[in-house]
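Visitor: Sharing target.cif below, mmCIF, C-alpha atoms (C1' of nucleotides):
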data_final
#
loop_
_atom_site.label_atom_id
_atom_site.label_comp_id
_atom_site.auth_asym_id
_atom_site.auth_seq_id
_atom_site.Cartn_x
_atom_site.Cartn_y
_atom_site.Cartn_z
CA MET A 156 -2.10 -29.82 -7.68
CA THR A 157 -5.20 -28.86 -5.78
CA ASN A 158 -5.07 -28.71 -2.02
CA LEU A 159 -8.00 -30.99 -1.37
CA PHE A 160 -7.18 -31.04 2.30
CA HIS A 161 -8.82 -27.66 2.62
CA ASP A 162 -12.15 -29.19 1.84
CA SER A 163 -11.89 -32.07 4.25
CA ALA A 164 -13.82 -32.34 7.46
CA ASP A 165 -10.57 -32.41 9.41
CA MET A 166 -9.71 -28.86 8.59
CA GLN A 167 -10.97 -27.71 11.96
CA LEU A 168 -8.39 -29.87 13.69
CA ILE A 169 -5.52 -27.58 12.84
CA PRO A 170 -3.99 -27.22 15.25
CA THR A 171 -5.07 -29.99 17.61
CA LEU A 172 -5.71 -29.52 21.30
CA ALA A 173 -3.00 -32.05 22.15
CA GLN A 174 -0.49 -30.18 20.04
CA THR A 175 -1.32 -26.91 21.72
CA LYS A 176 -1.08 -28.43 25.19
CA ARG A 177 2.34 -29.93 24.46
CA GLN A 178 3.54 -26.58 23.22
CA ILE A 179 2.39 -24.78 26.33
CA GLU A 180 3.79 -27.40 28.67
CA ARG A 181 7.12 -27.47 26.88
CA TYR A 182 7.80 -23.99 28.17
CA GLY A 183 5.97 -24.36 31.46
CA LEU A 184 3.65 -21.48 30.71
CA ASP A 185 0.45 -20.69 32.58
CA VAL A 186 -1.87 -20.28 29.63
CA ASP A 187 -5.31 -21.70 28.83
CA ALA A 188 -4.91 -24.08 25.91
CA GLN A 189 -8.51 -23.45 24.83
CA ALA A 190 -7.76 -19.75 24.53
CA VAL A 191 -4.81 -20.46 22.30
CA LEU A 192 -6.93 -22.84 20.24
CA VAL A 193 -9.57 -20.18 19.73
CA ALA A 194 -6.96 -17.85 18.32
CA ALA A 195 -5.23 -20.45 16.20
CA ARG A 196 -8.33 -22.06 14.76
CA LEU A 197 -10.02 -18.77 14.04
CA MET A 198 -6.96 -17.84 12.04
CA THR A 199 -7.05 -21.14 10.15
CA ALA A 200 -10.79 -20.96 9.58
CA GLY A 201 -10.62 -17.39 8.38
CA ALA A 202 -7.87 -18.19 5.92
CA LYS A 203 -9.68 -21.23 4.60
CA LEU A 204 -12.96 -19.39 4.31
CA GLY A 205 -11.23 -16.56 2.49
CA ASN A 206 -9.82 -19.09 0.12
CA ALA A 207 -13.11 -20.88 -0.47
CA ALA A 208 -14.85 -17.55 -0.97
CA ASP A 209 -12.43 -16.65 -3.73
CA ILE A 210 -13.17 -19.96 -5.46
CA HIS A 211 -16.88 -19.24 -5.01
CA PHE A 212 -16.67 -15.71 -6.43
CA ALA A 213 -14.42 -16.84 -9.26
CA ARG A 214 -17.46 -18.63 -10.70
CA PHE A 215 -18.88 -15.19 -11.42
CA GLY A 216 -15.62 -13.65 -12.57
CA LEU A 217 -15.15 -11.83 -9.25
CA SER A 218 -12.93 -11.95 -6.18
CA THR A 219 -14.07 -11.48 -2.60
CA GLY A 220 -12.89 -7.89 -2.58
CA ARG A 221 -14.48 -7.01 -5.90
CA TYR A 222 -17.79 -8.58 -4.89
CA ARG A 223 -17.84 -6.69 -1.62
CA LEU A 224 -17.12 -3.46 -3.47
CA LEU A 225 -19.98 -4.02 -5.92
CA ALA A 226 -22.36 -4.92 -3.10
CA ASP A 227 -21.43 -1.81 -1.14
CA LEU A 228 -21.92 0.30 -4.24
CA GLU A 229 -25.36 -1.24 -4.75
CA ASP A 230 -26.17 -0.42 -1.13
CA ASN A 231 -25.32 3.24 -1.76
CA GLU A 232 -27.46 4.05 -4.76
CA GLY A 233 -24.76 2.88 -7.16
CA GLU A 234 -22.33 5.75 -6.54
CA GLU A 235 -19.54 6.23 -4.02
CA LEU A 236 -16.15 7.82 -3.60
CA PRO A 237 -13.14 5.47 -3.40
CA SER A 238 -12.36 6.76 0.08
CA GLN A 239 -15.89 5.91 1.27
CA LEU A 240 -15.56 2.47 -0.25
CA ALA A 241 -12.25 1.94 1.53
CA GLU A 242 -13.82 2.83 4.85
CA ASN A 243 -16.91 0.71 4.30
CA LEU A 244 -14.90 -2.31 3.23
CA GLY A 245 -12.21 -1.91 5.87
CA VAL A 246 -9.37 -1.86 3.34
CA THR A 247 -6.92 0.83 2.24
CA ARG A 248 -7.57 3.32 -0.52
CA ALA A 249 -4.73 1.71 -2.43
CA THR A 250 -6.55 -1.61 -2.38
CA VAL A 251 -9.73 0.07 -3.59
CA THR A 252 -7.85 1.58 -6.53
CA GLY A 253 -6.74 -1.90 -7.55
CA LEU A 254 -10.22 -3.35 -7.21
CA ILE A 255 -11.75 -0.54 -9.27
CA ASP A 256 -9.12 -0.96 -11.98
CA ILE A 257 -10.24 -4.50 -12.65
CA LEU A 258 -13.97 -3.83 -12.22
CA GLU A 259 -13.71 -0.93 -14.66
CA ARG A 260 -11.78 -3.03 -17.15
CA ASP A 261 -14.60 -5.61 -16.95
CA GLY A 262 -17.26 -2.93 -17.39
CA LEU A 263 -18.91 -3.46 -14.01
CA VAL A 264 -18.15 0.03 -12.68
CA SER A 265 -17.02 3.32 -14.19
CA ARG A 266 -15.14 6.33 -12.87
CA ARG A 267 -16.39 9.92 -13.08
CA SER A 268 -14.45 13.01 -12.08
CA SER A 269 -16.20 15.37 -9.69
CA SER A 270 -16.93 18.87 -10.86
CA ILE A 271 -17.04 20.11 -7.27
CA ASP A 272 -13.73 18.76 -5.96
CA GLY A 273 -11.08 18.17 -8.60
CA ARG A 274 -9.41 15.51 -6.46
CA GLN A 275 -12.43 13.28 -6.29
CA LYS A 276 -13.39 10.61 -8.81
CA SER A 277 -16.58 8.86 -7.87
CA VAL A 278 -17.23 5.25 -8.78
CA LEU A 279 -20.49 4.24 -10.46
CA LEU A 280 -22.12 0.85 -10.70
CA THR A 281 -22.88 0.20 -14.37
CA GLU A 282 -25.96 -1.63 -15.62
CA LEU A 283 -23.72 -4.61 -16.30
CA GLY A 284 -22.46 -4.49 -12.72
CA ALA A 285 -26.01 -4.35 -11.35
CA LYS A 286 -26.97 -7.28 -13.56
CA LYS A 287 -24.02 -9.26 -12.28
CA LEU A 288 -25.24 -8.81 -8.71
CA ARG A 289 -28.80 -9.73 -9.64
CA ASP A 290 -27.69 -12.84 -11.51
CA MET A 291 -25.54 -14.21 -8.73
CA ALA A 292 -27.69 -13.28 -5.71
CA SER A 293 -29.75 -16.45 -5.52
CA GLU A 294 -26.87 -18.92 -5.72
CA HIS A 295 -24.58 -16.79 -3.61
CA PHE A 296 -26.92 -16.47 -0.66
CA ALA A 297 -28.07 -20.06 -0.90
CA ARG A 298 -24.49 -21.27 -0.57
CA LEU A 299 -23.81 -18.98 2.39
CA GLU A 300 -26.92 -20.24 4.14
CA THR A 301 -25.96 -23.86 3.50
CA MET A 302 -22.53 -23.20 4.93
CA VAL A 303 -24.01 -21.99 8.20
CA GLY A 304 -26.87 -24.50 8.06
CA SER A 305 -25.65 -26.67 10.89
CA LEU A 306 -26.15 -23.83 13.38
CA THR A 307 -29.57 -23.13 14.81
CA ILE A 308 -30.94 -19.59 14.72
CA GLU A 309 -29.99 -19.13 18.38
CA GLU A 310 -26.50 -20.47 17.79
CA ARG A 311 -25.97 -18.03 14.94
CA THR A 312 -26.76 -15.11 17.19
CA LEU A 313 -24.54 -16.54 19.90
CA PHE A 314 -21.70 -17.13 17.46
CA LEU A 315 -21.89 -13.55 16.20
CA ASP A 316 -21.67 -12.30 19.79
CA LEU A 317 -18.65 -14.44 20.64
CA LEU A 318 -16.95 -13.66 17.33
CA GLY A 319 -17.45 -9.96 17.90
CA ARG A 320 -15.83 -10.13 21.31
CA VAL A 321 -12.84 -12.08 20.04
CA THR A 322 -12.54 -9.68 17.12
CA ARG A 323 -12.34 -6.73 19.47
CA GLY A 324 -9.47 -8.50 21.23
CA ILE A 325 -7.37 -8.76 18.08
CA SER A 326 -5.63 -5.50 18.91
CA ALA A 327 -3.82 -7.41 21.70
CA LEU A 328 -1.63 -8.82 18.95
CA THR A 329 -0.64 -5.47 17.50
CA ASP A 330 -0.61 -3.23 20.60
CA GLU A 331 2.48 -1.45 21.99
CA MET B 182 -0.81 5.17 5.24
CA THR B 183 -1.74 2.68 7.89
CA ASN B 184 -5.27 1.32 7.89
CA LEU B 185 -6.06 2.18 11.48
CA PHE B 186 -9.65 1.16 10.94
CA HIS B 187 -8.60 -2.45 11.32
CA ASP B 188 -7.74 -1.85 14.93
CA SER B 189 -10.94 -0.08 15.80
CA ALA B 190 -13.71 -1.60 17.84
CA ASP B 191 -16.07 -1.22 14.89
CA MET B 192 -14.28 -3.81 12.83
CA GLN B 193 -16.89 -6.39 13.75
CA LEU B 194 -19.61 -4.28 12.19
CA ILE B 195 -18.57 -5.08 8.65
CA PRO B 196 -20.98 -5.79 7.17
CA THR B 197 -23.88 -4.51 9.26
CA LEU B 198 -27.08 -6.43 9.88
CA ALA B 199 -29.12 -3.68 8.22
CA GLN B 200 -26.95 -3.82 5.12
CA THR B 201 -27.34 -7.56 4.85
CA LYS B 202 -31.10 -7.37 5.30
CA ARG B 203 -31.44 -4.74 2.57
CA GLN B 204 -29.42 -6.90 0.23
CA ILE B 205 -31.57 -9.96 0.83
CA GLU B 206 -34.83 -8.02 0.51
CA ARG B 207 -33.73 -6.32 -2.68
CA TYR B 208 -33.94 -9.66 -4.44
CA GLY B 209 -36.82 -11.04 -2.44
CA LEU B 210 -34.83 -14.04 -1.25
CA ASP B 211 -35.79 -16.34 1.58
CA VAL B 212 -32.51 -16.38 3.49
CA ASP B 213 -31.66 -15.90 7.16
CA ALA B 214 -29.76 -12.63 7.47
CA GLN B 215 -27.97 -13.92 10.58
CA ALA B 216 -26.63 -16.85 8.58
CA VAL B 217 -25.24 -14.51 5.96
CA LEU B 218 -23.75 -12.33 8.68
CA VAL B 219 -21.99 -15.32 10.23
CA ALA B 220 -20.35 -16.08 6.90
CA ALA B 221 -19.48 -12.49 6.08
CA ARG B 222 -18.14 -11.52 9.49
CA LEU B 223 -16.15 -14.69 9.89
CA MET B 224 -14.47 -13.84 6.63
CA THR B 225 -13.76 -10.31 7.77
CA ALA B 226 -12.56 -11.44 11.18
CA GLY B 227 -10.31 -14.10 9.73
CA ALA B 228 -8.72 -11.67 7.31
CA LYS B 229 -8.13 -9.10 10.03
CA LEU B 230 -6.76 -11.67 12.45
CA GLY B 231 -4.44 -12.97 9.78
CA ASN B 232 -3.24 -9.47 9.23
CA ALA B 233 -2.71 -8.76 12.91
CA ALA B 234 -0.92 -12.08 13.33
CA ASP B 235 1.54 -11.15 10.62
CA ILE B 236 2.28 -7.89 12.41
CA HIS B 237 2.69 -9.85 15.64
CA PHE B 238 5.06 -12.42 14.13
CA ALA B 239 7.02 -9.75 12.28
CA ARG B 240 8.33 -8.64 15.71
CA PHE B 241 10.25 -11.90 15.76
CA GLY B 242 11.27 -11.83 12.12
CA LEU B 243 8.64 -14.42 11.19
CA SER B 244 5.37 -14.63 9.29
CA THR B 245 2.34 -16.64 10.36
CA GLY B 246 3.20 -19.45 7.97
CA ARG B 247 6.84 -19.61 8.98
CA TYR B 248 5.95 -19.65 12.69
CA ARG B 249 3.45 -22.44 12.21
CA LEU B 250 6.04 -24.44 10.28
CA LEU B 251 8.62 -24.03 13.05
CA ALA B 252 6.07 -24.96 15.72
CA ASP B 253 5.02 -28.06 13.83
CA LEU B 254 8.64 -29.05 13.40
CA GLU B 255 9.20 -28.64 17.13
CA ASP B 256 6.18 -30.83 17.76
CA ASN B 257 7.70 -33.58 15.62
CA GLU B 258 11.13 -34.00 17.20
CA GLY B 259 12.60 -31.30 15.00
CA GLU B 260 12.48 -33.22 11.74
CA GLU B 261 9.81 -33.60 9.07
CA LEU B 262 9.34 -34.05 5.36
CA PRO B 263 7.97 -31.08 3.39
CA SER B 264 4.95 -33.14 2.35
CA GLN B 265 4.15 -33.93 6.00
CA LEU B 266 4.51 -30.26 6.85
CA ALA B 267 2.16 -29.33 4.02
CA GLU B 268 -0.46 -31.72 5.31
CA ASN B 269 -0.07 -30.67 8.93
CA LEU B 270 -0.29 -26.98 8.08
CA GLY B 271 -3.06 -27.35 5.55
CA VAL B 272 -1.13 -25.64 2.75
CA THR B 273 0.34 -26.89 -0.53
CA ARG B 274 3.80 -28.34 -0.92
CA ALA B 275 4.66 -25.37 -3.10
CA THR B 276 3.89 -23.04 -0.22
CA VAL B 277 6.03 -25.13 2.12
CA THR B 278 8.94 -24.88 -0.30
CA GLY B 279 8.70 -21.11 -0.15
CA LEU B 280 8.48 -21.04 3.65
CA ILE B 281 11.50 -23.34 3.99
CA ASP B 282 13.51 -21.21 1.56
CA ILE B 283 13.25 -18.20 3.83
CA LEU B 284 13.64 -20.14 7.10
CA GLU B 285 16.76 -21.82 5.71
CA ARG B 286 18.16 -18.50 4.55
CA ASP B 287 17.65 -17.20 8.10
CA GLY B 288 19.30 -20.28 9.61
CA LEU B 289 16.22 -21.48 11.51
CA VAL B 290 15.89 -24.77 9.61
CA SER B 291 18.12 -26.84 7.33
CA ARG B 292 17.48 -29.32 4.54
CA ARG B 293 18.92 -32.84 4.45
CA SER B 294 18.59 -35.30 1.57
CA SER B 295 17.32 -38.74 2.49
CA SER B 296 19.59 -41.71 1.86
CA ILE B 297 16.59 -44.05 1.69
CA ASP B 298 14.44 -42.24 -0.85
CA GLY B 299 16.30 -39.98 -3.23
CA ARG B 300 13.24 -37.80 -3.79
CA GLN B 301 12.91 -36.85 -0.16
CA LYS B 302 14.62 -33.94 1.55
CA SER B 303 13.74 -33.71 5.22
CA VAL B 304 13.62 -30.41 7.06
CA LEU B 305 15.42 -30.01 10.40
CA LEU B 306 14.89 -27.44 13.11
CA THR B 307 18.26 -25.86 13.88
CA GLU B 308 19.39 -24.80 17.34
CA LEU B 309 18.80 -21.22 16.28
CA GLY B 310 15.27 -22.14 15.24
CA ALA B 311 14.59 -23.84 18.58
CA LYS B 312 15.95 -20.81 20.40
CA LYS B 313 13.66 -18.52 18.40
CA LEU B 314 10.64 -20.53 19.54
CA ARG B 315 11.82 -20.51 23.16
CA ASP B 316 12.46 -16.79 23.14
CA MET B 317 9.09 -15.82 21.75
CA ALA B 318 6.88 -18.36 23.57
CA SER B 319 6.08 -16.28 26.62
CA GLU B 320 5.07 -13.11 24.80
CA HIS B 321 3.35 -14.99 22.01
CA PHE B 322 1.04 -17.02 24.22
CA ALA B 323 0.37 -14.13 26.56
CA ARG B 324 -0.88 -12.04 23.67
CA LEU B 325 -3.07 -14.83 22.36
CA GLU B 326 -4.60 -15.30 25.78
CA THR B 327 -5.25 -11.59 26.13
CA MET B 328 -6.94 -11.56 22.78
CA VAL B 329 -9.41 -14.23 23.88
CA GLY B 330 -9.59 -12.87 27.42
CA SER B 331 -13.13 -11.54 27.18
CA LEU B 332 -14.50 -15.07 26.75
CA THR B 333 -15.08 -17.27 29.79
CA ILE B 334 -13.68 -20.79 29.82
CA GLU B 335 -17.09 -22.17 28.92
CA GLU B 336 -17.53 -19.69 26.11
CA ARG B 337 -14.18 -20.69 24.63
CA THR B 338 -15.27 -24.32 24.42
CA LEU B 339 -18.60 -23.28 22.99
CA PHE B 340 -16.97 -21.03 20.43
CA LEU B 341 -14.65 -23.81 19.29
CA ASP B 342 -17.63 -26.09 18.81
CA LEU B 343 -19.59 -23.55 16.77
CA LEU B 344 -16.53 -22.54 14.76
CA GLY B 345 -15.80 -26.17 13.98
CA ARG B 346 -19.29 -26.70 12.66
CA VAL B 347 -19.21 -23.61 10.48
CA THR B 348 -15.78 -24.61 9.23
CA ARG B 349 -17.06 -27.98 8.12
CA GLY B 350 -19.72 -26.15 6.14
CA ILE B 351 -17.20 -24.16 4.13
CA SER B 352 -17.23 -26.81 1.42
CA ALA B 353 -20.72 -25.56 0.50
CA LEU B 354 -18.96 -22.65 -1.19
CA THR B 355 -16.71 -24.80 -3.32
CA ASP B 356 -18.86 -27.86 -3.98
CA GLU B 357 -20.09 -29.01 -7.40
"C1'" DA C 137 13.78 -55.84 -17.34
"C1'" DC C 138 11.00 -52.12 -19.49
"C1'" DT C 139 7.60 -49.26 -19.85
"C1'" DA C 140 3.89 -46.66 -17.48
"C1'" DT C 141 2.49 -44.48 -13.59
"C1'" DA C 142 2.91 -42.28 -9.11
"C1'" DT C 143 5.27 -39.40 -5.86
"C1'" DA C 144 8.68 -35.65 -3.75
"C1'" DG C 145 10.12 -31.40 -4.19
"C1'" DT C 146 10.78 -27.22 -6.92
"C1'" DT C 147 9.90 -23.61 -10.26
"C1'" DA C 148 7.03 -20.28 -12.69
"C1'" DG C 149 3.33 -17.37 -12.87
"C1'" DG C 150 -0.94 -15.51 -10.86
"C1'" DT C 151 -4.23 -13.11 -7.29
"C1'" DA C 152 -5.14 -10.45 -3.33
"C1'" DC C 153 -3.99 -7.42 -0.19
"C1'" DC C 154 -0.84 -4.24 2.30
"C1'" DA C 155 2.35 -0.03 3.45
"C1'" DT C 156 4.83 3.60 1.66
"C1'" DA C 157 5.48 7.29 -1.19
"C1'" DC C 158 3.98 10.30 -4.88
"C1'" DT C 159 0.89 13.81 -7.61
"C1'" DA C 160 -2.74 16.92 -7.82
"C1'" DT C 161 -6.06 19.65 -5.64
"C1'" DA C 162 -8.15 21.97 -1.70
"C1'" DT C 163 -8.12 24.45 2.58
"C1'" DC C 164 -6.33 26.80 6.40
"C1'" DT C 165 -3.27 30.43 8.44
"C1'" DA C 166 -1.02 34.50 8.75
"C1'" DT D 94 -2.93 36.22 -1.07
"C1'" DA D 95 1.18 33.32 -0.30
"C1'" DG D 96 2.81 29.40 1.97
"C1'" DA D 97 2.01 25.43 4.82
"C1'" DT D 98 -0.73 21.60 5.55
"C1'" DA D 99 -4.30 18.21 4.62
"C1'" DT D 100 -6.76 15.21 1.58
"C1'" DA D 101 -8.06 12.26 -2.82
"C1'" DG D 102 -6.56 9.05 -5.63
"C1'" DT D 103 -2.73 6.37 -7.68
"C1'" DA D 104 1.80 3.99 -8.45
"C1'" DT D 105 5.27 1.06 -6.67
"C1'" DG D 106 7.05 -2.72 -4.45
"C1'" DG D 107 6.46 -6.37 -1.00
"C1'" DT D 108 4.31 -10.76 1.36
"C1'" DA D 109 1.58 -14.80 1.41
"C1'" DC D 110 -0.59 -18.18 -0.70
"C1'" DC D 111 -2.36 -20.60 -4.72
"C1'" DT D 112 -2.39 -23.67 -9.27
"C1'" DA D 113 -0.03 -25.81 -12.88
"C1'" DA D 114 3.87 -27.50 -14.90
"C1'" DC D 115 8.48 -29.47 -14.47
"C1'" DT D 116 12.49 -32.64 -12.81
"C1'" DA D 117 14.09 -36.52 -10.51
"C1'" DT D 118 13.28 -40.71 -8.30
"C1'" DA D 119 10.57 -44.79 -7.04
"C1'" DT D 120 7.23 -48.44 -7.85
"C1'" DA D 121 3.89 -51.47 -10.47
"C1'" DG D 122 2.35 -54.17 -14.51
"C1'" DT D 123 3.39 -57.09 -18.12
#
Using the file provided, produce a representation of the structure as structure tokens.

Guide:
Amino acid sequence: MTNLFHDSADMQLIPTLAQTKRQIERYGLDVDAQAVLVAARLMTAGAKLGNAADIHFARFGLSTGRYRLLADLEDNEGEELPSQLAENLGVTRATVTGLIDILERDGLVSRRSSSIDGRQKSVLLTELGAKKLRDMASEHFARLETMVGSLTIEERTLFLDLLGRVTRGISALTDE
Amino acid sequence: MTNLFHDSADMQLIPTLAQTKRQIERYGLDVDAQAVLVAARLMTAGAKLGNAADIHFARFGLSTGRYRLLADLEDNEGEELPSQLAENLGVTRATVTGLIDILERDGLVSRRSSSIDGRQKSVLLTELGAKKLRDMASEHFARLETMVGSLTIEERTLFLDLLGRVTRGISALTDE
DNA sequence: ACTATATAGTTAGGTACCATACTATATCTA
DNA sequence: TAGATATAGTATGGTACCTAACTATATAGT
């Protein structure tokens, strides 16, 4: 069964403002319901977007993580160390190992041991990998632009500012 | 190893504007780099928030999905059908089954077969489950509010509007 | 009433990512 | 230069969620 609900226009309504207000009032807390909604809906939106992105990238035989790795490689002259990739992508080295395993199996990247430092194994973008990026670029970016199409140029800048500030606040969840 | 990078203030900078511009120019595409950034950073932010939320909920022996299920149950007089829960949470029934399995094992919910429709098995919030929600409410909401604290009241409303519009556009990734 | 179809929930198997722990190599310290 | 420590990459095992297929029950068509 496919979860068609994800694609519906009502997705943004999870959770609802009324629901959030009831929850806050139930315990008599002094909290701004809009603030809670921002947190909750950003979580929902992020999850749904992550999901949709994986469906999108699956068209090209990739996942979100594998695409991002290829793109970062392309942005660094086609060669990087796994540890650099991990830092650039904001994931762990262990995750990068897994991504490379599949990309190498599919012939999109290759590994090469360093002659300078025996611990290092740099990752190279193959011609096939570069071709994959070239072939998908047009459709990929067109879809992203369509997705954000309902925002004006000014609203996009504004959204990035607000998103950045909320993002910096995420540590409030994990602190202490 | 813990991926401390996730907690850093630079998290929002993945990917960078310069990176995105290079990528678009490489293929000579006519796309707004800000639009691409909105998509890419929302994905990053959502993933990181989801991660942080799981760390947050783990303090209380819950995951994000299990908390949302309990909260939805509480908002529906403590009793719901798995299919209703799936719709309310925006996940599949299969996922709900898995969430209930663990919540039932931990004594926070229980299952009860319907006498009206033999296929249905409603889910009930137990007293222990209700207590869990009561006990965590204060800290939970306080953290959420702190997270969004850098946005003014007006900005929160604005952000929700913009986020909602981008969210509705997500189908552009999966269409056709 | 009997067959076909739809629905509720579960099971099975897959992907993505994480944290932890391990191996091999390099570097610092004394 | 020997031993301690740090670093690079990988293996292992776990969570969350998904899709697809399955079982049991209910409903509709003839």

Visitor: Show which residues sit within 7 Å of Gln301 of chain B, as a ChimeraX atom specification. Count only C-alpha atoms (C1' of nucleotides), and ignore same-chain residues fewer than 4 positions away.

Guide: /B:294-295 /C:144

Visitor: Once the PyMOL selection byres ((chain B) within 10 of (chain C)) is applied to the coordinates I shared, what remains selected? I want it as a list in words.

Guide: Met182, Thr183, Asn184, Ala228, Asn232, Leu262, Pro263, Ser264, Arg274, Ala275, Val277, Thr278, Gly279, Asp298, Gly299, Arg300, Gln301 and Lys302 of chain B

Visitor: Pick the closest to Glu331 of chain A from B:Glu285, B:Arg324, B:Ala216, B:Leu254: which is it, counting all atoms listed in the file?

Guide: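 So, comparing all the options, the nearest one is B:Arg324.
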
Visitor: Go through D:DA101, D:DA109, D:DA119, D:DA114 and flag the residue nearest chain A, using all atoms listed in the file for the distances.

Guide: D:DA101

Visitor: For the structure provided, state which residues fall under the PyMOL selection byres ((chain A) within 6 of (chain B)), and present them as a VMD selection string.

Guide: chain A and resid 158 162 164 167 190 to 191 198 201 205 211 247 298 to 300 302 to 303 319 321 323 to 329

Visitor: If the box runs along x, y and z of the file and leaves 8 Å on each side of segment 313-318 of chain B, what are its centre and edge lengths in Å, one decimal, as AutoDock Vina command-line options?

Guide:
--center_x 10.3 --center_y -18.2 --center_z 21.0 --size_x 22.8 --size_y 20.7 --size_z 21.2

Visitor: Find the distance between atom CA of Asp256 of chain A and atom CA of Gly284 of chain A and write it in Å to one decimal.

Guide: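 Taking atom CA of Asp256 of chain A as the start and atom CA of Gly284 of chain A as the end point, the length is 13.8 Å.
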
Visitor: Could you give me, as a tab-separated table, every chain D residue with an atom at most 8 Å from chain A, plus its closest atom pair and distance in Å to one decimal, counting only C-alpha atoms (C1' of nucleotides), rows ordered by chain then number?

Guide:
residue	atom	partner	partner_atom	distance
D:DA101	C1'	A:Arg274	CA	5.1
D:DG102	C1'	A:Arg274	CA	7.1
D:DT103	C1'	A:Thr252	CA	7.1
D:DT112	C1'	A:Met156	CA	6.4
D:DA113	C1'	A:Met156	CA	6.9

Visitor: In Å to one decimal, how far is atom CA of Ala311 of chain B from atom CA of Leu284 of chain B?

Guide: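 It comes out at 12.1 Å.
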
Visitor: Please measure the separation of atom CA of Leu251 of chain B and atom CA of Val290 of chain B, giving the value in Å to one decimal.

Guide: 8.1 Å

Visitor: Provide segment 254-265 of chain B rebuilt to N, CA, C and O atoms, formatted as a PDB file, in the frame of the given file.

Guide:
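result.pdb written:
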ATOM      1  N   LEU B 254       7.342 -28.354  13.390  1.00  0.00           N
ATOM      2  CA  LEU B 254       8.640 -29.050  13.400  1.00  0.00           C
ATOM      3  C   LEU B 254       9.026 -29.395  14.838  1.00  0.00           C
ATOM      4  O   LEU B 254       9.454 -30.521  15.141  1.00  0.00           O
ATOM      5  N   GLU B 255       8.866 -28.435  15.718  1.00  0.00           N
ATOM      6  CA  GLU B 255       9.200 -28.640  17.130  1.00  0.00           C
ATOM      7  C   GLU B 255       8.350 -29.750  17.719  1.00  0.00           C
ATOM      8  O   GLU B 255       8.811 -30.533  18.554  1.00  0.00           O
ATOM      9  N   ASP B 256       7.108 -29.834  17.237  1.00  0.00           N
ATOM     10  CA  ASP B 256       6.180 -30.830  17.760  1.00  0.00           C
ATOM     11  C   ASP B 256       6.450 -32.223  17.163  1.00  0.00           C
ATOM     12  O   ASP B 256       5.801 -33.198  17.535  1.00  0.00           O
ATOM     13  N   ASN B 257       7.382 -32.304  16.250  1.00  0.00           N
ATOM     14  CA  ASN B 257       7.700 -33.580  15.620  1.00  0.00           C
ATOM     15  C   ASN B 257       9.199 -33.889  15.729  1.00  0.00           C
ATOM     16  O   ASN B 257       9.836 -34.287  14.741  1.00  0.00           O
ATOM     17  N   GLU B 258       9.726 -33.703  16.910  1.00  0.00           N
ATOM     18  CA  GLU B 258      11.130 -34.000  17.200  1.00  0.00           C
ATOM     19  C   GLU B 258      12.106 -33.248  16.304  1.00  0.00           C
ATOM     20  O   GLU B 258      13.236 -33.730  16.073  1.00  0.00           O
ATOM     21  N   GLY B 259      11.676 -32.122  15.771  1.00  0.00           N
ATOM     22  CA  GLY B 259      12.600 -31.300  15.000  1.00  0.00           C
ATOM     23  C   GLY B 259      12.936 -31.779  13.613  1.00  0.00           C
ATOM     24  O   GLY B 259      13.869 -31.268  12.994  1.00  0.00           O
ATOM     25  N   GLU B 260      12.207 -32.764  13.106  1.00  0.00           N
ATOM     26  CA  GLU B 260      12.480 -33.220  11.740  1.00  0.00           C
ATOM     27  C   GLU B 260      11.203 -33.702  11.063  1.00  0.00           C
ATOM     28  O   GLU B 260      10.439 -34.475  11.631  1.00  0.00           O
ATOM     29  N   GLU B 261      10.991 -33.216   9.834  1.00  0.00           N
ATOM     30  CA  GLU B 261       9.810 -33.600   9.070  1.00  0.00           C
ATOM     31  C   GLU B 261      10.078 -33.470   7.580  1.00  0.00           C
ATOM     32  O   GLU B 261      10.953 -32.714   7.157  1.00  0.00           O
ATOM     33  N   LEU B 262       9.267 -34.195   6.809  1.00  0.00           N
ATOM     34  CA  LEU B 262       9.340 -34.050   5.360  1.00  0.00           C
ATOM     35  C   LEU B 262       8.430 -32.893   4.940  1.00  0.00           C
ATOM     36  O   LEU B 262       7.405 -32.644   5.574  1.00  0.00           O
ATOM     37  N   PRO B 263       8.797 -32.184   3.886  1.00  0.00           N
ATOM     38  CA  PRO B 263       7.970 -31.080   3.390  1.00  0.00           C
ATOM     39  C   PRO B 263       6.522 -31.501   3.141  1.00  0.00           C
ATOM     40  O   PRO B 263       5.592 -30.742   3.439  1.00  0.00           O
ATOM     41  N   SER B 264       6.326 -32.706   2.626  1.00  0.00           N
ATOM     42  CA  SER B 264       4.950 -33.140   2.350  1.00  0.00           C
ATOM     43  C   SER B 264       4.160 -33.335   3.635  1.00  0.00           C
ATOM     44  O   SER B 264       2.962 -33.043   3.694  1.00  0.00           O
ATOM     45  N   GLN B 265       4.832 -33.808   4.700  1.00  0.00           N
ATOM     46  CA  GLN B 265       4.150 -33.930   6.000  1.00  0.00           C
ATOM     47  C   GLN B 265       3.799 -32.540   6.521  1.00  0.00           C
ATOM     48  O   GLN B 265       2.709 -32.312   7.045  1.00  0.00           O
TER      49      GLN B 265
END
